[in-house]
Amino acid sequence: MPFPFAHIVVGLPVEGPFDYALPQHLQEKVAVGQRVRVPFHGAQRVGFVVGLADKSAVQNLKLVLAVLEDQPSLAEAVLRLTKKMSEYCGCSWGEAIETSLPRALRKPKIVELSLSNVKNTAAASKPETVLFHDPSRRERWKYFQERIQETKVQEQGAIILVPEASMIDEGVAQFKKVMPATAVIFDKKIKPQEEWQQWKMVKEGKVAFVIGTRSAVFAPVANLGLIIVFEEDNSAYKQEQSPFYHVRDVARMRAEIEKCSLLFISTTPSAEIWHELSNGIIKKVSCVPEDLSSMQLVDLSNYNPAKTSVISFPLRNLMEKSLAGKERIVLLLNRKGFSTVTRCNQCGQALTCPRCNVNLTYLYSKKKMVCRMCHYTTAVPKICPQCKSPYLRALGTGIEKLESEAARIFPMARIARFDQESSAAPNNADILIATQAVFRILDGYRADVVAILDFDAQLNRVDFRSAQKAFASLIFLRYAAKKKLVVQTYQTNSYLIEAAKNSNFDLFYEQEIKLREELQLPPFKHLIAVGLRGREEQTVLEQAQALYERLQADGALYEASDPQPDHLAKLRDQYRFTIMLKTTAVAETFVQVKAILKDFKRKKSTIITVNLDP
DNA sequence: AGCACGCCGACT
DNA sequence: GTCGGCGTGCTC
């Protein structure tokens, strides 16, 4: 029986659904999950049909103008997934649907889809969630191939998620070893037209295996048997714009809705995932090998590096021996450029970015001053902009300065540098001096000795995940170094370093999870960051304070913290403050926060964002 | 998000 | 007297 009304959502941050009337000739053609063209607030937009009805409570309904496709581009399971995601991320249902679709379908263009002939076959085995813990990364592909084979045998499809586009090629190559040429690639960097072609192949059931980055989690695989997430602790899986979703969470929702298996393949799983091993929700398959390079600590409190060099004496001795044995060394220092601070010796003024207020980095190679946050670039001043004296000094060591220092200490060594802008690894360097960007090539690089010069900088960050991240990089580097990992630090007796030194994962996670519980951080409570930003510091702060008071007044579901200036309080000419909410009831808190914001927002031109578990 | 409607300053 | 500034409100 044809329905005369439709419930429709749009890709805007407005609650819906909105009711529309269906003209007679469209009633036969329209179905739930289809894209339609609708008039909305004076303009025409793409609407998504989320329901049909035989009556509506709203008077003077507008008419649906056109149906944009013959088959619904949104399967019922994806509709449910996006609905759940919207509640969980604090975005509208329409926004969630829009992010789930290829860019080509966000425009009101008419498309044709052939009907998929994929039959839904239930898997022979019961769906399960598995963590494959493989710190050496030697076993992951074998395990991956076995699971892909299984999925294929059960005539189901799979989604394979990798954190970065650079990992797609390797994934495809490994995939092809078990199944020649039947995977499709999803990544936001490909052209919209190409993305649409790939999407269509999956939607029409021509391909059942998808490999890609973040957005691939929404791929329209019809008979989904398995979702694989590589390195779920990687922060690239978190979208840093609205909707602020994390792939790990969306993958879990999807696995639950579609009753499919979920596999996390990780070197250092997140504390959130590890915590769920204890309650049996996730099953662990462990592959921790016995053989491992050694780890040596250099206690910086015994060697006064600030006065001499960022290369401590023990490290220097070790490097000498290593170089004599024709070994290859990687020195890690996570500061690009030559110097990190340029200060006037006369008035003490440091050169800062006019838009972000952070110290400008001096790039020796380009003879420029740059801001590491916003890439603001300026010429190197000859005199102090404040007092006009000519005594500007470059302080703080970046990798360019380290390079010249290493060249002075080891004049015979071949030295190369690697940072964000570098592409390939040099193949004949004795010493490679690098920032964290080197992680992406280290798997294919023979590094005998790796030394972290500024380990403490990783720990002293405000981010509550800094311990997790620091631990992850220590473990990664221990396996990347063939012989030895050297860590220069003041904190030689931290549990994190001890756990990494003894390759004791249980110790690290036990301590980390205990700490998270004490501080009531994820996974025990969720954080919702309500961020305010604007060009006038005073206005933003006043707004933040007022909003905080409003939130505080209705705070039965959550605890609200005072508005705090962000880590970078001024970024790209905007002042930023965050109010942090802690809660166990995410969806309910979002409903309340949204109600408060709706009533509050009618103030000034301040931008407010809401980010779950930042 | 955008787009319309609304109430206060410099123009023919 | 009007054009248009952005601040605020609403979208079936």
# chains A, B, ... in the order shown; residues from 1 in each chain; ligands from 1

$ select_by_dssp --residues "stretch 485-570 of chain A" --states "strand (DSSP E or B)" --output "number ranges by chain"
A: 485-489, 526-534, 558-560, 564-570

$ residues_around --residues "A:Ser56" --least-positions-apart "2" --cutoff "12 Å" --atoms "only C-alpha atoms (C1' of nucleotides)" --output "PyMOL selection string"
(chain A and resi 3-7+17-22+51-54+58-62) or (chain C and resi 12)

$ interface_residues --of "chain A" --to "chain B" --cutoff "12 Å" --atoms "only C-alpha atoms (C1' of nucleotides)" --output "JSON, numbers by chain"
{"A": [10, 11, 12, 13, 14, 40, 41, 42, 43, 44, 45, 92, 95, 242, 607]}

$ write_last_selection --atoms "N, CA, C and O atoms" --output "PDB file, in the first residue's frame"
ATOM      1  N   VAL A  10      18.055  15.623   6.771  1.00  0.00           N
ATOM      2  CA  VAL A  10      18.987  16.304   5.866  1.00  0.00           C
ATOM      3  C   VAL A  10      20.370  16.410   6.524  1.00  0.00           C
ATOM      4  O   VAL A  10      20.483  16.317   7.745  1.00  0.00           O
ATOM      5  N   GLY A  11      21.370  16.612   5.706  1.00  0.00           N
ATOM      6  CA  GLY A  11      22.747  16.663   6.213  1.00  0.00           C
ATOM      7  C   GLY A  11      23.121  17.985   6.850  1.00  0.00           C
ATOM      8  O   GLY A  11      24.112  18.607   6.473  1.00  0.00           O
ATOM      9  N   LEU A  12      22.347  18.437   7.794  1.00  0.00           N
ATOM     10  CA  LEU A  12      22.611  19.698   8.496  1.00  0.00           C
ATOM     11  C   LEU A  12      22.525  19.435   9.999  1.00  0.00           C
ATOM     12  O   LEU A  12      21.870  18.484  10.419  1.00  0.00           O
ATOM     13  N   PRO A  13      23.158  20.274  10.791  1.00  0.00           N
ATOM     14  CA  PRO A  13      23.103  20.043  12.241  1.00  0.00           C
ATOM     15  C   PRO A  13      21.763  20.452  12.833  1.00  0.00           C
ATOM     16  O   PRO A  13      21.694  21.260  13.743  1.00  0.00           O
ATOM     17  N   VAL A  14      20.681  19.914  12.284  1.00  0.00           N
ATOM     18  CA  VAL A  14      19.348  20.187  12.822  1.00  0.00           C
ATOM     19  C   VAL A  14      18.670  18.863  13.112  1.00  0.00           C
ATOM     20  O   VAL A  14      18.845  17.889  12.384  1.00  0.00           O
ATOM     21  N   PHE A  40      13.878  22.891   1.465  1.00  0.00           N
ATOM     22  CA  PHE A  40      14.175  23.004   2.893  1.00  0.00           C
ATOM     23  C   PHE A  40      14.653  24.410   3.181  1.00  0.00           C
ATOM     24  O   PHE A  40      15.709  24.825   2.713  1.00  0.00           O
ATOM     25  N   HIS A  41      13.886  25.120   3.941  1.00  0.00           N
ATOM     26  CA  HIS A  41      14.211  26.488   4.321  1.00  0.00           C
ATOM     27  C   HIS A  41      14.583  27.340   3.105  1.00  0.00           C
ATOM     28  O   HIS A  41      15.643  27.963   3.049  1.00  0.00           O
ATOM     29  N   GLY A  42      13.710  27.308   2.124  1.00  0.00           N
ATOM     30  CA  GLY A  42      13.898  28.178   0.960  1.00  0.00           C
ATOM     31  C   GLY A  42      14.809  27.630  -0.107  1.00  0.00           C
ATOM     32  O   GLY A  42      14.797  28.110  -1.234  1.00  0.00           O
ATOM     33  N   ALA A  43      15.614  26.634   0.208  1.00  0.00           N
ATOM     34  CA  ALA A  43      16.529  26.073  -0.795  1.00  0.00           C
ATOM     35  C   ALA A  43      16.164  24.616  -1.058  1.00  0.00           C
ATOM     36  O   ALA A  43      15.369  24.028  -0.330  1.00  0.00           O
ATOM     37  N   GLN A  44      16.754  24.055  -2.112  1.00  0.00           N
ATOM     38  CA  GLN A  44      16.551  22.636  -2.371  1.00  0.00           C
ATOM     39  C   GLN A  44      17.749  21.849  -1.885  1.00  0.00           C
ATOM     40  O   GLN A  44      18.886  22.253  -2.093  1.00  0.00           O
ATOM     41  N   ARG A  45      17.448  20.729  -1.240  1.00  0.00           N
ATOM     42  CA  ARG A  45      18.521  19.927  -0.656  1.00  0.00           C
ATOM     43  C   ARG A  45      18.279  18.451  -0.896  1.00  0.00           C
ATOM     44  O   ARG A  45      17.161  18.043  -1.211  1.00  0.00           O
ATOM     45  N   SER A  92      23.559  15.212  14.029  1.00  0.00           N
ATOM     46  CA  SER A  92      22.212  14.847  13.589  1.00  0.00           C
ATOM     47  C   SER A  92      22.284  13.558  12.776  1.00  0.00           C
ATOM     48  O   SER A  92      23.344  13.182  12.273  1.00  0.00           O
ATOM     49  N   GLU A  95      23.514  14.238   9.278  1.00  0.00           N
ATOM     50  CA  GLU A  95      24.967  14.427   9.166  1.00  0.00           C
ATOM     51  C   GLU A  95      25.687  13.083   9.172  1.00  0.00           C
ATOM     52  O   GLU A  95      26.660  12.882   8.438  1.00  0.00           O
ATOM     53  N   SER A 242      33.383  17.505  12.954  1.00  0.00           N
ATOM     54  CA  SER A 242      32.063  16.929  13.173  1.00  0.00           C
ATOM     55  C   SER A 242      31.664  16.058  11.978  1.00  0.00           C
ATOM     56  O   SER A 242      31.894  16.461  10.842  1.00  0.00           O
ATOM     57  N   ILE A 607      31.864  29.907  18.012  1.00  0.00           N
ATOM     58  CA  ILE A 607      31.627  28.576  17.463  1.00  0.00           C
ATOM     59  C   ILE A 607      31.767  27.547  18.576  1.00  0.00           C
ATOM     60  O   ILE A 607      32.738  27.549  19.327  1.00  0.00           O
TER      61      ILE A 607
END

$ interface_residues --of "chain C" --to "chain A" --cutoff "10 Å" --atoms "only C-alpha atoms (C1' of nucleotides)" --output "VMD selection string"
chain C and resid 6 to 12

$ atom_distance --atom1 "atom CA of A:Ala429" --atom2 "atom CA of A:Ile475"
24.0 Å

$ residues_around --residues "A:Thr129" --least-positions-apart "6" --cutoff "6 Å" --atoms "only C-alpha atoms (C1' of nucleotides)" --output "count of residues only"
4

$ residues_around --residues "A:Ser322" --least-positions-apart "3" --cutoff "12 Å" --atoms "only C-alpha atoms (C1' of nucleotides)" --output "ChimeraX atom specification"
/A:315-319,325-330,410,413,430-431,447-450,483-484

$ write_last_selection --atoms "N, CA, C and O atoms" --output "short mmCIF file (atom, residue, chain, number, x, y, z; two decimals), in the first residue's frame"
data_model
loop_
_atom_site.label_atom_id
_atom_site.label_comp_id
_atom_site.auth_asym_id
_atom_site.auth_seq_id
_atom_site.Cartn_x
_atom_site.Cartn_y
_atom_site.Cartn_z
N LEU A 315 75.41 7.55 25.33
CA LEU A 315 74.92 7.34 23.96
C LEU A 315 76.03 7.56 22.95
O LEU A 315 76.18 6.81 21.99
N ARG A 316 76.83 8.57 23.20
CA ARG A 316 77.94 8.88 22.31
C ARG A 316 78.94 7.71 22.23
O ARG A 316 79.36 7.32 21.14
N ASN A 317 79.27 7.13 23.41
CA ASN A 317 80.17 5.97 23.44
C ASN A 317 79.58 4.80 22.67
O ASN A 317 80.27 4.15 21.89
N LEU A 318 78.31 4.60 22.92
CA LEU A 318 77.62 3.49 22.26
C LEU A 318 77.61 3.67 20.73
O LEU A 318 77.81 2.73 19.98
N MET A 319 77.41 4.92 20.32
CA MET A 319 77.38 5.21 18.88
C MET A 319 78.75 4.97 18.25
O MET A 319 78.84 4.45 17.14
N GLY A 325 81.44 -0.86 14.14
CA GLY A 325 80.95 -2.16 13.68
C GLY A 325 80.07 -2.05 12.45
O GLY A 325 79.33 -2.98 12.14
N LYS A 326 80.11 -0.94 11.77
CA LYS A 326 79.33 -0.69 10.54
C LYS A 326 77.82 -0.84 10.75
O LYS A 326 77.08 -1.30 9.88
N GLU A 327 77.37 -0.47 11.94
CA GLU A 327 75.94 -0.55 12.20
C GLU A 327 75.25 0.75 11.81
O GLU A 327 75.89 1.79 11.73
N ARG A 328 73.95 0.63 11.61
CA ARG A 328 73.18 1.82 11.24
C ARG A 328 72.39 2.33 12.44
O ARG A 328 71.73 1.56 13.14
N ILE A 329 72.46 3.65 12.62
CA ILE A 329 71.86 4.26 13.81
C ILE A 329 70.73 5.21 13.39
O ILE A 329 70.86 5.93 12.40
N VAL A 330 69.66 5.22 14.15
CA VAL A 330 68.61 6.22 13.97
C VAL A 330 68.50 7.03 15.26
O VAL A 330 68.35 6.47 16.35
N PHE A 410 80.93 13.04 14.99
CA PHE A 410 81.29 11.88 14.16
C PHE A 410 81.61 12.33 12.74
O PHE A 410 80.80 12.13 11.82
N ALA A 413 81.18 9.86 9.75
CA ALA A 413 79.91 9.17 9.49
C ALA A 413 79.11 9.87 8.39
O ALA A 413 79.17 11.08 8.24
N ASP A 430 74.87 6.29 7.74
CA ASP A 430 75.25 5.60 8.97
C ASP A 430 74.37 6.07 10.12
O ASP A 430 73.97 5.31 10.98
N ILE A 431 74.12 7.37 10.10
CA ILE A 431 73.26 7.94 11.14
C ILE A 431 72.09 8.64 10.45
O ILE A 431 72.29 9.51 9.60
N ALA A 447 67.62 -0.69 10.81
CA ALA A 447 68.17 0.15 11.87
C ALA A 447 68.68 -0.78 12.95
O ALA A 447 67.93 -1.55 13.52
N ASP A 448 69.99 -0.72 13.20
CA ASP A 448 70.55 -1.59 14.24
C ASP A 448 70.30 -0.99 15.62
O ASP A 448 69.88 -1.67 16.54
N VAL A 449 70.58 0.30 15.71
CA VAL A 449 70.39 0.99 16.98
C VAL A 449 69.43 2.16 16.77
O VAL A 449 69.59 2.93 15.82
N VAL A 450 68.44 2.27 17.64
CA VAL A 450 67.54 3.43 17.61
C VAL A 450 67.68 4.13 18.96
O VAL A 450 67.66 3.46 20.00
N LYS A 483 69.16 -4.35 17.01
CA LYS A 483 69.99 -4.72 18.15
C LYS A 483 69.59 -4.06 19.46
O LYS A 483 69.49 -4.68 20.49
N LYS A 484 69.37 -2.75 19.38
CA LYS A 484 69.20 -2.05 20.64
C LYS A 484 68.35 -0.77 20.51
O LYS A 484 68.42 -0.07 19.52
#

$ atom_distance --atom1 "atom CA of A:Val229" --atom2 "atom CA of A:Arg103"
23.2 Å
